[in-house]
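Chemist: I am sharing work_31.pdb, which consists of PDB, C-alpha atoms:
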ATOM      1  CA  MET Y   1      51.305 154.202 152.339
ATOM      2  CA  LEU Y   2      53.758 153.123 149.621
ATOM      3  CA  THR Y   3      55.843 155.707 147.887
ATOM      4  CA  ALA Y   4      57.522 155.496 144.476
ATOM      5  CA  THR Y   5      60.758 154.634 146.249
ATOM      6  CA  ASP Y   6      59.111 151.692 148.031
ATOM      7  CA  ARG Y   7      57.829 150.247 144.741
ATOM      8  CA  SER Y   8      61.056 150.588 142.777
ATOM      9  CA  SER Y   9      63.439 147.699 142.411
ATOM     10  CA  PRO Y  10      66.705 148.070 144.361
ATOM     11  CA  CYS Y  11      68.479 147.092 141.162
ATOM     12  CA  ASP Y  12      66.252 149.130 138.824
ATOM     13  CA  THR Y  13      65.781 146.243 136.383
ATOM     14  CA  THR Y  14      63.022 143.989 135.136
ATOM     15  CA  GLU Y  15      65.044 140.786 135.146
ATOM     16  CA  THR Y  16      65.599 139.527 138.660
ATOM     17  CA  GLY Y  17      67.311 136.681 140.357
ATOM     18  CA  ALA Y  18      66.792 134.842 143.627
ATOM     19  CA  HIS Y  19      67.370 137.910 145.778
ATOM     20  CA  GLY Y  20      65.361 140.346 143.674
ATOM     21  CA  CYS Y  21      68.408 141.875 142.005
ATOM     22  CA  ALA Y  22      69.351 141.497 138.383
ATOM     23  CA  GLN Y  23      71.602 138.600 137.605
ATOM     24  CA  PRO Y  24      74.377 139.216 135.108
ATOM     25  CA  ASP Y  25      74.060 137.384 131.824
ATOM     26  CA  LYS Y  26      75.807 134.048 131.701
ATOM     27  CA  TRP Y  27      76.248 132.024 128.582
ATOM     28  CA  LEU Y  28      76.967 128.362 127.859
ATOM     29  CA  ILE Y  29      79.016 128.150 124.670
ATOM     30  CA  GLY Y  30      79.603 124.734 123.110
ATOM     31  CA  VAL Y  31      82.708 124.566 120.913
ATOM     32  CA  PRO Y  32      83.333 121.513 118.708
ATOM     33  CA  PHE Y  33      86.718 120.209 117.666
ATOM     34  CA  ARG Y  34      87.869 117.103 115.849
ATOM     35  CA  SER Y  35      89.943 114.762 117.954
ATOM     36  CA  THR Y  36      90.399 112.379 115.016
ATOM     37  CA  ALA Y  37      89.360 112.353 111.388
ATOM     38  CA  SER Y  38      85.854 111.199 112.283
ATOM     39  CA  HIS Y  39      85.361 111.991 115.967
ATOM     40  CA  VAL Y  40      83.965 115.370 117.116
ATOM     41  CA  VAL Y  41      84.254 116.337 120.786
ATOM     42  CA  TRP Y  42      82.243 119.214 122.266
ATOM     43  CA  MET Y  43      83.803 121.384 124.952
ATOM     44  CA  TYR Y  44      81.517 123.734 126.880
ATOM     45  CA  TYR Y  45      82.463 127.063 128.419
ATOM     46  CA  VAL Y  46      80.396 129.062 130.899
ATOM     47  CA  VAL Y  47      80.983 132.755 130.283
ATOM     48  CA  GLY Y  48      79.765 135.128 132.972
ATOM     49  CA  GLU Y  49      81.713 138.264 132.193
ATOM     50  CA  ALA Y  50      80.102 139.116 128.846
ATOM     51  CA  ASP Y  51      77.543 141.862 128.237
ATOM     52  CA  ASP Y  52      76.115 140.175 125.141
ATOM     53  CA  VAL Y  53      76.280 137.008 123.078
ATOM     54  CA  SER Y  54      78.958 138.334 120.707
ATOM     55  CA  ARG Y  55      81.298 139.043 123.594
ATOM     56  CA  ALA Y  56      80.470 135.670 125.174
ATOM     57  CA  VAL Y  57      81.447 133.879 121.968
ATOM     58  CA  ARG Y  58      84.730 135.797 121.756
ATOM     59  CA  VAL Y  59      85.562 134.974 125.386
ATOM     60  CA  ALA Y  60      84.729 131.279 124.914
ATOM     61  CA  LEU Y  61      86.836 131.064 121.747
ATOM     62  CA  ALA Y  62      89.731 132.805 123.487
ATOM     63  CA  ARG Y  63      89.534 130.223 126.272
ATOM     64  CA  ALA Y  64      89.247 127.342 123.799
ATOM     65  CA  ASN Y  65      92.283 128.596 121.880
ATOM     66  CA  SER Y  66      94.431 129.244 124.961
ATOM     67  CA  ALA Y  67      97.748 127.396 125.115
ATOM     68  CA  GLN Y  68      96.571 125.216 128.004
ATOM     69  CA  GLU Y  69      93.347 124.150 126.248
ATOM     70  CA  ARG Y  70      95.103 123.520 122.948
ATOM     71  CA  GLN Y  71      97.691 121.371 124.710
ATOM     72  CA  ALA Y  72      94.930 119.385 126.443
ATOM     73  CA  ARG Y  73      93.271 118.758 123.063
ATOM     74  CA  GLY Y  74      96.509 117.862 121.347
ATOM     75  CA  GLY Y  75      96.982 121.038 119.304
ATOM     76  CA  GLY Y  76      94.738 122.673 116.729
ATOM     77  CA  SER Y  77      92.701 125.793 117.229
ATOM     78  CA  VAL Y  78      88.916 126.032 117.038
ATOM     79  CA  THR Y  79      86.794 128.485 115.072
ATOM     80  CA  ALA Y  80      83.356 130.013 115.445
ATOM     81  CA  GLN Y  81      81.685 127.399 113.277
ATOM     82  CA  ASP Y  82      78.851 125.193 114.497
ATOM     83  CA  LEU Y  83      78.763 126.647 118.009
ATOM     84  CA  GLU Y  84      76.027 125.829 120.482
ATOM     85  CA  ILE Y  85      74.969 129.020 122.235
ATOM     86  CA  ARG Y  86      72.649 129.012 125.238
ATOM     87  CA  ARG Y  87      71.866 131.749 127.744
ATOM     88  CA  ILE Y  88      71.851 130.702 131.397
ATOM     89  CA  THR Y  89      69.044 132.376 133.323
ATOM     90  CA  LEU Y  90      68.085 132.376 136.964
ATOM     91  CA  ASP Y  91      64.430 133.062 137.781
ATOM     92  CA  ALA Y  92      63.037 134.821 140.833
ATOM     93  CA  LEU Y  93      62.812 131.502 142.709
ATOM     94  CA  GLY Y  94      66.436 130.655 142.030
ATOM     95  CA  HIS Y  95      65.804 128.020 139.349
ATOM     96  CA  THR Y  96      68.449 127.830 136.660
ATOM     97  CA  ARG Y  97      67.390 127.368 133.037
ATOM     98  CA  LEU Y  98      69.092 127.230 129.657
ATOM     99  CA  ASP Y  99      67.462 129.495 127.086
ATOM    100  CA  GLY Y 100      68.012 129.115 123.400
ATOM    101  CA  PRO Y 101      67.299 126.614 120.695
ATOM    102  CA  GLY Y 102      69.494 123.901 122.134
ATOM    103  CA  ASP Y 103      70.601 122.843 118.702
ATOM    104  CA  ARG Y 104      74.064 123.167 117.311
ATOM    105  CA  SER Y 105      73.858 125.539 114.405
ATOM    106  CA  ALA Y 106      76.424 127.486 112.439
ATOM    107  CA  ALA Y 107      77.372 130.826 113.940
ATOM    108  CA  SER Y 108      79.389 132.281 111.102
ATOM    109  CA  SER Y 109      78.624 135.863 112.128
ATOM    110  CA  TRP Y 110      80.708 135.676 115.314
TER     111      TRP Y 110
END
Output the structure of this file as structure tokens.
Modeler:
Amino acid sequence: MLTATDRSSPCDTTETGAHGCAQPDKWLIGVPFRSTASHVVWMYYVVGEADDVSRAVRVALARANSAQERQARGGGSVTAQDLEIRRITLDALGHTRLDGPGDRSAASSW
């Protein structure tokens, strides 16, 4: 006979990963910058330590504006304009998927 304890998730969540436990949110944040007057280059950052999309954007922008990244790009900082924001999910079978519109739209509220 099953008890309530037997039926409950070991992680007490509805979103599960490959091992039945909740996977932390991960985000793919695309950040554009101009390498020349007419050439836009997209850099992508995977953020796994953010609780929500706002935090993920802040972490990605902090990485993009770090001294090492700025030096690699040849200077210039980036802003939260025209970001591509996708959530990385892992289903119960272990398949990875990108959720979100997939388009690059303005994110002026970040």
Chemist: Please evaluate the PyMOL selection byres ((chain Y and resi 69-74) around 12) against the displayed coordinates and give the resulting residues as a PyMOL selection string.
Modeler: chain Y and resi 31-36+40-45+60-68+75-78
Chemist: Counting all atoms listed in the file, which residue out of Y:Lys26, Y:Arg86, Y:His39, Y:His95 sits closest to Asp51 (chain Y)?
Modeler: Y:Lys26
Chemist: Counting only C-alpha atoms, which of Y:Arg58, Y:Glu84, Y:Trp27, Y:Asp52 gets nearest to Thr96 (chain Y)?
Modeler: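 Of the candidates, the smallest distance to Thr96 (chain Y) is held by Y:Trp27.
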Chemist: Please compute the CA of Ala92 (chain Y)-CA of Gly48 (chain Y) distance, one decimal, in Å.
Modeler: 18.5 Å
Chemist: Just the number, please: distance in Å from CA of Ala50 (chain Y) to CA of Pro101 (chain Y), one decimal.
Modeler: 19.7 Å
Chemist: Under the rule that all atoms listed in the file are counted, which of Y:Gly94, Y:Glu49, Y:Gln81, Y:Ala56 is the nearest residue to Leu28 (chain Y)?
Modeler: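 Going through Y:Gly94, Y:Glu49, Y:Gln81, Y:Ala56 one by one, the smallest distance to Leu28 (chain Y) is for Y:Ala56.
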Chemist: Using Å and a single decimal, report how far CA of Val59 (chain Y) sits from CA of Asp91 (chain Y).
Modeler: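 Straight-line distance from CA of Asp91 (chain Y) to CA of Val59 (chain Y) works out to 24.6 Å.
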